[in-house]
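File shown: data35.cif (mmCIF, C-alpha atoms and all ligand atoms).
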```cif
data_work
#
loop_
_atom_site.label_atom_id
_atom_site.label_comp_id
_atom_site.auth_asym_id
_atom_site.auth_seq_id
_atom_site.Cartn_x
_atom_site.Cartn_y
_atom_site.Cartn_z
CA MET A 277 -13.95 12.85 -1.77
CA THR A 278 -15.52 9.91 -3.55
CA GLN A 279 -19.13 9.40 -2.56
CA GLY A 280 -19.58 6.37 -0.34
CA LYS A 281 -15.97 6.44 0.81
CA LYS A 282 -15.06 7.67 4.25
CA ARG A 283 -11.96 9.14 5.78
CA ILE A 284 -10.57 6.84 8.41
CA PRO A 285 -8.01 7.14 11.16
CA ALA A 286 -4.62 6.56 9.60
CA ASP A 287 -3.34 4.04 12.11
CA VAL A 288 -5.90 1.27 11.85
CA LYS A 289 -4.76 -2.32 11.40
CA LEU A 290 -5.12 -3.90 8.00
CA ASP A 291 -8.60 -5.25 7.61
CA MET A 292 -9.93 -6.18 4.19
CA LYS A 293 -13.42 -4.85 4.85
CA HIS A 294 -11.95 -1.64 6.19
CA LEU A 295 -9.45 -1.25 3.38
CA ALA A 296 -12.27 -1.49 0.86
CA THR A 297 -13.87 1.63 2.35
CA VAL A 298 -10.78 3.81 2.57
CA GLU A 299 -10.69 7.02 0.66
CA VAL A 300 -7.65 6.93 -1.61
CA PRO A 301 -5.33 9.76 -0.59
CA GLY A 302 -3.28 11.87 -2.95
CA ARG A 303 0.47 11.61 -3.35
CA ASP A 304 0.91 14.87 -1.44
CA PHE A 305 -0.81 13.34 1.60
CA LEU A 306 1.65 10.44 1.59
CA LEU A 307 4.63 12.76 1.24
CA ALA A 308 3.40 14.95 4.07
CA HIS A 309 2.62 12.16 6.54
CA GLY A 310 4.62 9.09 5.53
CA ALA A 311 7.37 7.84 7.80
CA CYS A 312 9.42 7.18 4.65
CA THR A 313 9.55 10.79 3.55
CA GLY A 314 13.20 11.61 3.10
CA ALA A 315 14.30 7.98 3.31
CA GLU A 316 16.64 6.48 0.73
CA PRO A 317 14.43 5.20 -2.16
CA GLY A 318 16.64 2.13 -2.49
CA ILE A 319 15.23 0.93 0.82
CA PHE A 320 11.72 0.81 -0.63
CA PHE A 321 12.40 -0.23 -4.21
CA PRO A 322 14.55 -3.07 -5.53
CA PRO A 323 17.20 -2.38 -8.15
CA ILE A 324 15.46 -1.82 -11.47
CA SER A 325 16.87 -5.02 -12.97
CA TYR A 326 15.35 -7.22 -10.26
CA GLU A 327 12.17 -8.95 -11.30
CA GLY A 328 12.00 -11.53 -8.56
CA GLU A 329 12.05 -9.12 -5.65
CA ARG A 330 10.54 -11.71 -3.34
CA GLU A 331 13.57 -13.94 -3.77
CA PHE A 332 16.43 -11.48 -4.06
CA TRP A 333 15.45 -8.28 -2.38
CA ASP A 334 15.21 -7.75 1.38
CA THR A 335 11.99 -5.92 2.18
CA GLY A 336 12.71 -5.99 5.91
CA PRO A 337 14.22 -2.50 6.27
CA ALA A 338 11.34 -0.90 4.37
CA LYS A 339 8.75 -2.84 6.33
CA ALA A 340 10.41 -1.75 9.57
CA ILE A 341 9.92 1.90 8.59
CA CYS A 342 6.35 1.25 7.48
CA GLY A 343 5.74 -0.40 10.84
CA SER A 344 6.06 2.97 12.52
CA CYS A 345 4.00 4.81 9.90
CA ARG A 346 0.54 6.05 10.81
CA ILE A 347 -0.77 6.02 7.23
CA ARG A 348 -0.17 2.42 6.25
CA ILE A 349 -3.75 1.77 5.18
CA PRO A 350 -4.16 4.95 3.11
CA CYS A 351 -0.76 4.18 1.57
CA LEU A 352 -1.92 0.69 0.63
CA ALA A 353 -5.11 2.10 -0.83
CA TYR A 354 -3.07 4.58 -2.85
CA ALA A 355 -0.69 1.96 -4.21
CA ASN A 356 -3.60 -0.34 -5.07
CA SER A 357 -5.29 2.45 -6.98
CA GLN A 358 -2.27 3.13 -9.20
CA ASN A 359 -1.13 1.07 -12.12
CA THR A 360 2.35 2.25 -12.90
CA ILE A 361 5.67 0.45 -12.64
CA VAL A 362 6.54 2.53 -9.57
CA HIS A 363 3.41 1.54 -7.71
CA THR A 364 3.50 -2.11 -8.63
CA ARG A 365 7.06 -2.56 -7.34
CA GLY A 366 8.67 -2.17 -3.95
CA VAL A 367 7.08 -1.79 -0.55
CA TRP A 368 3.98 0.31 -0.04
CA GLY A 369 1.90 0.32 3.10
CA GLY A 370 4.26 -2.16 4.71
CA ARG A 371 3.48 -4.78 2.06
CA SER A 372 5.62 -6.26 -0.68
CA ARG A 373 4.54 -6.43 -4.31
CA ASP A 374 3.26 -10.00 -3.96
CA GLU A 375 1.43 -9.22 -0.73
CA ARG A 376 -0.26 -6.21 -2.33
CA ARG A 377 -1.21 -8.31 -5.33
CA SER A 378 -2.94 -10.78 -3.01
CA ILE A 379 -4.73 -7.93 -1.24
CA HIS A 380 -5.77 -6.41 -4.55
CA ASN A 381 -7.15 -9.74 -5.76
CA ALA A 382 -9.01 -10.26 -2.49
CA LEU A 383 -10.58 -6.82 -2.75
CA ARG A 384 -11.63 -7.45 -6.34
CA TYR A 385 -13.16 -10.76 -5.29
CA ARG A 386 -15.07 -9.03 -2.50
CA GLU A 387 -16.28 -6.42 -4.97
CA ARG A 388 -17.48 -9.01 -7.47
CA THR A 389 -19.24 -11.23 -4.97
CA ARG A 390 -20.73 -8.47 -2.78
CA ASP A 391 -24.13 -8.56 -4.46
CA ILE A 392 -24.29 -12.34 -4.73
CA ALA A 393 -24.26 -13.14 -1.00
S1 LIG B 401 3.28 2.99 4.84
FE1 LIG B 401 5.47 2.82 4.34
S2 LIG B 401 5.61 3.35 2.16
FE2 LIG B 401 3.61 4.07 2.89
S3 LIG B 401 3.91 6.22 3.49
FE3 LIG B 401 4.20 4.97 5.33
S4 LIG B 401 6.40 4.54 5.44
FE4 LIG B 401 5.95 5.26 3.35
#
```

Please, can you express the file's structure as structure tokens?
Amino acid sequence: MTQGKKRIPADVKLDMKHLATVEVPGRDFLLAHGACTGAEPGIFFPPISYEGEREFWDTGPAKAICGSCRIRIPCLAYANSQNTIVHTRGVWGGRSRDERRSIHNALRYRERTRDIA
């Protein structure tokens, strides 16, 4: 466990301050506890040729599954901590690529300005 990070209940609502303190889980944790385990990958990831997933790809079915998942926040933390094509596409933690990008930017902003305030 990373020092300064704390394990949190998996079913908390998304809160930026809270998300910033989440311990990033491993992939095995997500596979063991995620509501999507065993689901068709095509539900969570757009066809590989799609770049504009916000416009052409329906994230609704994936978000519906994520809505019942108890590890949404750890999943978001995991996806935010990775920098591969798999983790930057599709739905993770109930959030689309663009939504996660906004969250990631907000967290970075918080990090940068934490010592200024
Ligand atoms: S939040 Fe969604 S993508 Fe993440 S483990 Fe749960 S069901 Fe899967």

d(CA of Thr360 (chain A), CA of Arg376 (chain A)) in Å
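Separation of CA of Thr360 (chain A) and CA of Arg376 (chain A): 13.8 Å.
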
Check which residues fall inside 8 Å of ligand LIG 401 (chain B) when counting all atoms listed in the file, and print them as an NGL selection string.
:A and (306-307 or 309-313 or 320 or 338-339 or 341-352 or 367-370)

Pick from A:Tyr385, A:Gly318, A:Ala340, A:Asp304 nearest to Arg371 (chain A), counting only C-alpha atoms:
A:Ala340

Coordinates-based distance that separates CA of Val298 (chain A) from CA of Asp334 (chain A) (Å, one decimal)
28.5 Å

Between A:Arg303, A:Arg388, A:Ala296, A:Pro322, which one has atoms that come closest to Ala355 (chain A), using all atoms listed in the file?
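Of the candidates, the smallest distance to Ala355 (chain A) is held by A:Arg303.
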
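Note that CA of Arg373 (chain A) and CA of Gln358 (chain A) are 12.7 Å apart.
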